[in-house]
There are 2 protein chains.
Amino acid sequence: MTLLVAGWVAIDEIETPFAKISNSLGGSATCAALAGALFTGVRLLAAVGEDFPAAERRKLEGRRIDLAGLATIPGGVTSRWGGRYHFDMNTRDTLYTELGVNADWQPRLPKGWEDSGAAFLAAGDPLLQRTIMGSLAAPRVTMVDTIKFFIDSALDELRETMRQADFVSLNESEAREIARTPSIARAGRTLLDGGPRGVLIKLGEYGAAFISPHDYFVAPGYPLEEVVDPTGAGDAFAGGFLGYLDTVPEITPAQVRRAVIYGSTVASFQVEGYGPARLLTLTRDEVEARYLEFRALTHFEAGK
Amino acid sequence: MTLLVAGWVAIDEIETPFAKISNSLGGSATCAALAGALFTGVRLLAAVGEDFPAAERRKLEGRRIDLAGLATIPGGVTSRWGGRYHFDMNTRDTLYTELGVNADWQPRLPKGWEDSGAAFLAAGDPLLQRTIMGSLAAPRVTMVDTIKFFIDSALDELRETMRQADFVSLNESEAREIARTPSIARAGRTLLDGGPRGVLIKLGEYGAAFISPHDYFVAPGYPLEEVVDPTGAGDAFAGGFLGYLDTVPEITPAQVRRAVIYGSTVASFQVEGYGPARLLTLTRDEVEARYLEFRALTHFEAGK
């Protein structure tokens, strides 16, 4: 069993009200891969420049992530992103995005990777996402994520890509924007019309909602007393979600609900450190312990 | 068993992106009383002016609310509030507040009401809230709510009132403001330091969190496809919460969790109509059916 994660590996600069961190390992694919690796074998399909530090590569190898698909582009530079969080840690400004090698990355799947059972297409060009999905032989489960940039610039392509995926993951404001409604429930139903089997709407600190034609599930956020850095939480969520689903014998609605909680759990660890620092030391036992806490958070008895 | 609800009865003017409603029955005590009356006997302690329409009074009587404590102040005018909601229906601007008879209301408890088993002190002057609590003989459960105005203008009085109550209910931004932290979990802990047995933090469409020294419970918002008018949702929540608790043989942590879900359930109906319109026709059977839906929304199985 293996999870293919395709997207960006980047170097981030992050400002919060409490600290400023430079040259931090980042990128959507990085966080999703590290999260998925807690559950299953992960293959990383991404591109970096010649400047990508060997130490960062070793961090990923140290978590047993297969880097045969992490291309180093000759003469290229690694993508860079800078962001600044507001006091509430829920909103942020993007300070800059330097595309670097991702400006014209043409992913090539290493030999044998066609058999990947699960695939996460992290935010990126929807046509590229579709090409990668199409290059897999018979994936059991695929999920596509996106960002506002592609909703604004390539909505038709994005809709077609979402139609071909099993699951779509979006954050709340993106879901509202695509569906043109303030209601999360209605946005979910609208997105399902496009074709995917299920829509995962990430609600930041409030958790996540999973909506399918026959199910509606709400997972709370984990009540952290301190959020260090929210960057990558959504991608860690996706990696945990798909990493868990890759290991189950059959993808049933009950398993999808468990996967949502595993996603929430891993995301709650992700925000405890700068960049993916916390995921680099996280153990499966810690994940299982917090999963049980999520049950305790939400359980209540029948009424009357 | 009876629930005393003290606070404002008012006439509202509400603008949403979709409609404008004038002369709507409103006020924190109104919504809480109507919500509580789904579960238990409710006594309403409030003041209106001579202009308060007989038809509105009959609506409350029709829901079997005891109006012996609803004073009509000779020569006085009923309080009025106007608000406008933004497109997301989560944020609003207060357009005006006309205090009317509430500018110098001195509540007097009708004879026999000292024996009320539960009491909700809806947002108001913290000193007045404390006086009313103090006039009860041996209430089994009390809850105090507030608004930003009193946090800004009477924080010390408010803290003392909260210290004397069993439960405190606040919305998210108010909790963050009092506790001076962006973290809901930390805000809850900070508020507990002041003395109450439990803190209910209302998260709007995202539900609510209940925090006590030994418990942390998160209830989701009900996934409504259309929110007609969010006004009074928090007060309906409080009324449902306390109305249910008033009926249980013993107030245990498990019962408090149920009460949170009943509160969420009633609040989700409240926002389906303008002002308290939906609560005026709501039945206990409808409440029980949606309570079960809340279970279905959040249930998941053990991990691994």
# chains A, B, ... in the order shown; residues from 1 in each chain; ligands from 1

$ interface_residues --of "chain B" --to "chain A" --cutoff "8 Å" --atoms "only C-alpha atoms" --output "ChimeraX atom specification"
/B:87-89,182-186,206,216-220,223-227,254,257-258,288,291-292,295-304

$ residues_around --residues "Cys31 in chain B" --least-positions-apart "6" --cutoff "7 Å" --atoms "only C-alpha atoms" --output "PyMOL selection string"
chain B and resi 232+235-236+276

$ residues_around --residues "Gly112 in chain B" --least-positions-apart "3" --cutoff "12 Å" --atoms "only C-alpha atoms" --output "PyMOL selection string"
chain B and resi 2+4+43+68-69+108-109+115-117+135-137

$ residues_around --residues "Leu99 in chain B" --least-positions-apart "5" --cutoff "9 Å" --atoms "only C-alpha atoms" --output "list in words"
Val77, Thr78, Ser79, Arg80, Trp81 and Asp104 of chain B

$ write_last_selection --atoms "N, CA and C atoms" --output "short mmCIF file (atom, residue, chain, number, x, y, z; two decimals), in the first residue's frame"
data_model
loop_
_atom_site.label_atom_id
_atom_site.label_comp_id
_atom_site.auth_asym_id
_atom_site.auth_seq_id
_atom_site.Cartn_x
_atom_site.Cartn_y
_atom_site.Cartn_z
N VAL B 77 -41.31 53.34 27.22
CA VAL B 77 -41.34 52.74 25.88
C VAL B 77 -40.45 51.49 25.86
N THR B 78 -40.86 50.55 25.08
CA THR B 78 -40.15 49.27 24.96
C THR B 78 -38.78 49.49 24.32
N SER B 79 -37.79 48.74 24.76
CA SER B 79 -36.46 48.82 24.16
C SER B 79 -36.52 48.43 22.69
N ARG B 80 -35.64 49.05 21.89
CA ARG B 80 -35.60 48.74 20.46
C ARG B 80 -34.16 48.53 20.01
N TRP B 81 -33.97 47.56 19.12
CA TRP B 81 -32.64 47.26 18.60
C TRP B 81 -32.72 47.05 17.10
N ASP B 104 -33.47 52.24 33.14
CA ASP B 104 -33.42 52.25 34.62
C ASP B 104 -34.40 51.23 35.23
#

$ residues_around --residues "Gly275 in chain B" --least-positions-apart "5" --cutoff "8 Å" --atoms "only C-alpha atoms" --output "list in words"
Asp12, Ser24, Leu25, Gly26, Asp229, Thr231, Gly232 and Gln270 of chain B

$ atom_distance --atom1 "CA of Asp152 in chain A" --atom2 "CA of Glu177 in chain A"
9.3 Å

$ select_by_dssp --residues "range 202-293 of chain B" --states "alpha helix (DSSP H)" --output "PyMOL selection string"
chain B and resi 233-245+253-270+284-293

$ atom_distance --atom1 "CA of Trp113 in chain A" --atom2 "CA of Ala71 in chain A"
14.4 Å

$ atom_distance --atom1 "CA of Phe18 in chain A" --atom2 "CA of Asn171 in chain A"
24.7 Å

$ select_by_dssp --residues "range 148-260 of chain B" --states "strand (DSSP E)" --output "list of chain:residue names"
B:Phe167, B:Val168, B:Ser169, B:Leu170, B:Asn171, B:Gly198, B:Val199, B:Leu200, B:Ile201, B:Lys202, B:Ala208, B:Ala209, B:Phe210, B:Ile211, B:Ser212, B:Asp215, B:Tyr216, B:Phe217, B:Val218, B:Ala219

$ closest_residue --among "B:Phe237, B:Phe52, B:Trp8, B:Trp105" --to "Ala123 in chain B" --atoms "only C-alpha atoms"
B:Trp8

$ closest_residue --among "A:Ser264, A:Ala10, A:Arg140, A:Glu98" --to "Pro249 in chain A" --atoms "only C-alpha atoms"
A:Arg140

$ residues_around --residues "Ile151 in chain B" --least-positions-apart "4" --cutoff "8 Å" --atoms "only C-alpha atoms" --output "list in words"
Thr146, Ile147, Leu155, Leu158, Glu174 and Ile178 of chain B

$ closest_residue --among "A:Ile211, A:Leu70, A:Ala33, A:Ala154" --to "Ser169 in chain A" --atoms "only C-alpha atoms"
A:Ile211

$ residues_around --residues "Ala165 in chain A" --least-positions-apart "5" --cutoff "6 Å" --atoms "only C-alpha atoms" --output "MDAnalysis selection string"
chainID A and resid 142:143 196

$ decode --residues "range 111-250 of chain B" --atoms "C-alpha atoms" --output "mmCIF file, in the first residue's frame"
data_model
loop_
_atom_site.group_PDB
_atom_site.id
_atom_site.type_symbol
_atom_site.label_atom_id
_atom_site.label_comp_id
_atom_site.auth_asym_id
_atom_site.auth_seq_id
_atom_site.Cartn_x
_atom_site.Cartn_y
_atom_site.Cartn_z
ATOM 1 C CA LYS B 111 -44.102 36.573 45.086
ATOM 2 C CA GLY B 112 -43.257 32.868 45.041
ATOM 3 C CA TRP B 113 -40.652 33.145 42.260
ATOM 4 C CA GLU B 114 -37.828 32.855 44.837
ATOM 5 C CA ASP B 115 -38.198 29.082 44.511
ATOM 6 C CA SER B 116 -37.142 28.985 40.832
ATOM 7 C CA GLY B 117 -34.884 25.985 40.345
ATOM 8 C CA ALA B 118 -32.927 27.380 37.412
ATOM 9 C CA ALA B 119 -32.149 30.909 36.322
ATOM 10 C CA PHE B 120 -30.773 32.493 33.169
ATOM 11 C CA LEU B 121 -29.463 36.024 33.535
ATOM 12 C CA ALA B 122 -29.443 37.206 29.944
ATOM 13 C CA ALA B 123 -27.059 40.025 28.987
ATOM 14 C CA GLY B 124 -27.569 43.071 31.171
ATOM 15 C CA ASP B 125 -26.060 45.180 33.946
ATOM 16 C CA PRO B 126 -23.908 42.699 35.925
ATOM 17 C CA LEU B 127 -24.964 44.228 39.237
ATOM 18 C CA LEU B 128 -28.619 43.716 38.341
ATOM 19 C CA GLN B 129 -27.877 40.144 37.281
ATOM 20 C CA ARG B 130 -26.247 39.513 40.659
ATOM 21 C CA THR B 131 -29.149 41.060 42.560
ATOM 22 C CA ILE B 132 -31.621 38.790 40.781
ATOM 23 C CA MET B 133 -29.487 35.699 41.422
ATOM 24 C CA GLY B 134 -29.204 36.714 45.052
ATOM 25 C CA SER B 135 -32.972 36.985 45.414
ATOM 26 C CA LEU B 136 -33.488 33.297 44.670
ATOM 27 C CA ALA B 137 -33.756 30.912 47.619
ATOM 28 C CA ALA B 138 -31.737 27.913 46.467
ATOM 29 C CA PRO B 139 -31.453 27.689 42.692
ATOM 30 C CA ARG B 140 -30.044 24.401 41.473
ATOM 31 C CA VAL B 141 -28.380 25.988 38.438
ATOM 32 C CA THR B 142 -27.709 29.554 37.290
ATOM 33 C CA MET B 143 -26.145 30.900 34.128
ATOM 34 C CA VAL B 144 -24.963 34.407 33.251
ATOM 35 C CA ASP B 145 -24.565 35.786 29.747
ATOM 36 C CA THR B 146 -23.143 39.139 28.714
ATOM 37 C CA ILE B 147 -22.255 41.342 25.742
ATOM 38 C CA LYS B 148 -19.238 43.395 24.729
ATOM 39 C CA PHE B 149 -20.798 46.564 26.164
ATOM 40 C CA PHE B 150 -20.525 45.258 29.751
ATOM 41 C CA ILE B 151 -17.104 43.705 29.190
ATOM 42 C CA ASP B 152 -15.899 47.139 28.150
ATOM 43 C CA SER B 153 -17.782 49.182 30.735
ATOM 44 C CA ALA B 154 -18.160 47.019 33.865
ATOM 45 C CA LEU B 155 -15.565 44.249 33.767
ATOM 46 C CA ASP B 156 -14.936 44.072 37.518
ATOM 47 C CA GLU B 157 -18.653 43.858 38.322
ATOM 48 C CA LEU B 158 -19.061 41.284 35.576
ATOM 49 C CA ARG B 159 -16.251 39.123 36.940
ATOM 50 C CA GLU B 160 -17.864 39.124 40.374
ATOM 51 C CA THR B 161 -21.244 38.164 38.880
ATOM 52 C CA MET B 162 -19.652 35.384 36.828
ATOM 53 C CA ARG B 163 -17.882 34.138 39.939
ATOM 54 C CA GLN B 164 -21.229 33.644 41.661
ATOM 55 C CA ALA B 165 -22.930 31.832 38.768
ATOM 56 C CA ASP B 166 -22.751 28.111 38.065
ATOM 57 C CA PHE B 167 -22.264 28.618 34.352
ATOM 58 C CA VAL B 168 -21.170 31.474 32.135
ATOM 59 C CA SER B 169 -22.107 31.757 28.473
ATOM 60 C CA LEU B 170 -20.235 33.986 26.058
ATOM 61 C CA ASN B 171 -19.633 34.116 22.399
ATOM 62 C CA GLU B 172 -16.204 33.459 21.030
ATOM 63 C CA SER B 173 -15.054 37.033 20.528
ATOM 64 C CA GLU B 174 -16.254 38.017 24.010
ATOM 65 C CA ALA B 175 -14.384 35.093 25.572
ATOM 66 C CA ARG B 176 -11.221 36.044 23.692
ATOM 67 C CA GLU B 177 -11.596 39.652 24.771
ATOM 68 C CA ILE B 178 -12.060 38.923 28.478
ATOM 69 C CA ALA B 179 -9.253 36.364 28.548
ATOM 70 C CA ARG B 180 -6.950 38.275 26.190
ATOM 71 C CA THR B 181 -5.939 35.235 24.164
ATOM 72 C CA PRO B 182 -6.691 34.012 20.634
ATOM 73 C CA SER B 183 -7.126 30.429 21.932
ATOM 74 C CA ILE B 184 -10.668 29.349 22.802
ATOM 75 C CA ALA B 185 -9.310 26.544 24.987
ATOM 76 C CA ARG B 186 -7.133 28.944 26.936
ATOM 77 C CA ALA B 187 -9.926 31.524 27.192
ATOM 78 C CA GLY B 188 -12.166 28.860 28.696
ATOM 79 C CA ARG B 189 -9.567 27.914 31.309
ATOM 80 C CA THR B 190 -8.971 31.553 32.161
ATOM 81 C CA LEU B 191 -12.692 32.157 32.671
ATOM 82 C CA LEU B 192 -12.947 29.125 34.956
ATOM 83 C CA ASP B 193 -10.285 30.636 37.197
ATOM 84 C CA GLY B 194 -12.849 33.259 38.076
ATOM 85 C CA GLY B 195 -15.134 30.775 39.792
ATOM 86 C CA PRO B 196 -17.958 29.380 37.613
ATOM 87 C CA ARG B 197 -18.388 25.590 37.346
ATOM 88 C CA GLY B 198 -18.459 25.691 33.602
ATOM 89 C CA VAL B 199 -18.036 28.012 30.626
ATOM 90 C CA LEU B 200 -20.096 27.738 27.467
ATOM 91 C CA ILE B 201 -18.400 29.400 24.499
ATOM 92 C CA LYS B 202 -20.752 29.875 21.571
ATOM 93 C CA LEU B 203 -19.088 29.530 18.177
ATOM 94 C CA GLY B 204 -21.955 30.670 15.955
ATOM 95 C CA GLU B 205 -22.363 28.396 12.950
ATOM 96 C CA TYR B 206 -19.482 26.236 14.209
ATOM 97 C CA GLY B 207 -21.391 25.164 17.324
ATOM 98 C CA ALA B 208 -20.205 25.529 20.890
ATOM 99 C CA ALA B 209 -17.555 24.405 23.353
ATOM 100 C CA PHE B 210 -18.286 23.601 26.986
ATOM 101 C CA ILE B 211 -15.331 23.777 29.342
ATOM 102 C CA SER B 212 -15.260 22.797 33.018
ATOM 103 C CA PRO B 213 -12.341 21.886 35.278
ATOM 104 C CA HIS B 214 -12.894 18.212 34.407
ATOM 105 C CA ASP B 215 -14.536 18.268 31.010
ATOM 106 C CA TYR B 216 -14.139 19.634 27.493
ATOM 107 C CA PHE B 217 -17.002 19.064 25.098
ATOM 108 C CA VAL B 218 -17.439 20.327 21.561
ATOM 109 C CA ALA B 219 -20.816 20.424 19.812
ATOM 110 C CA PRO B 220 -20.945 21.102 16.076
ATOM 111 C CA GLY B 221 -23.247 23.573 14.421
ATOM 112 C CA TYR B 222 -26.183 21.981 12.648
ATOM 113 C CA PRO B 223 -25.492 22.085 8.885
ATOM 114 C CA LEU B 224 -28.270 24.366 7.733
ATOM 115 C CA GLU B 225 -28.464 25.114 4.018
ATOM 116 C CA GLU B 226 -30.102 28.438 4.768
ATOM 117 C CA VAL B 227 -29.763 30.754 7.743
ATOM 118 C CA VAL B 228 -32.640 33.236 7.706
ATOM 119 C CA ASP B 229 -31.713 35.365 10.731
ATOM 120 C CA PRO B 230 -29.036 34.599 13.336
ATOM 121 C CA THR B 231 -30.480 37.068 15.890
ATOM 122 C CA GLY B 232 -31.149 35.447 19.249
ATOM 123 C CA ALA B 233 -29.393 32.169 18.479
ATOM 124 C CA GLY B 234 -27.135 32.471 21.517
ATOM 125 C CA ASP B 235 -30.057 33.193 23.832
ATOM 126 C CA ALA B 236 -32.080 30.332 22.370
ATOM 127 C CA PHE B 237 -29.031 28.158 23.021
ATOM 128 C CA ALA B 238 -28.929 29.243 26.654
ATOM 129 C CA GLY B 239 -32.684 28.712 27.087
ATOM 130 C CA GLY B 240 -32.517 25.200 25.649
ATOM 131 C CA PHE B 241 -29.448 24.371 27.732
ATOM 132 C CA LEU B 242 -30.959 25.501 31.041
ATOM 133 C CA GLY B 243 -34.478 24.357 30.182
ATOM 134 C CA TYR B 244 -33.212 20.824 29.718
ATOM 135 C CA LEU B 245 -30.975 20.924 32.826
ATOM 136 C CA ASP B 246 -33.953 22.061 34.890
ATOM 137 C CA THR B 247 -35.653 18.728 34.148
ATOM 138 C CA VAL B 248 -32.878 16.283 35.010
ATOM 139 C CA PRO B 249 -32.748 14.521 38.385
ATOM 140 C CA GLU B 250 -29.045 15.287 38.824
#
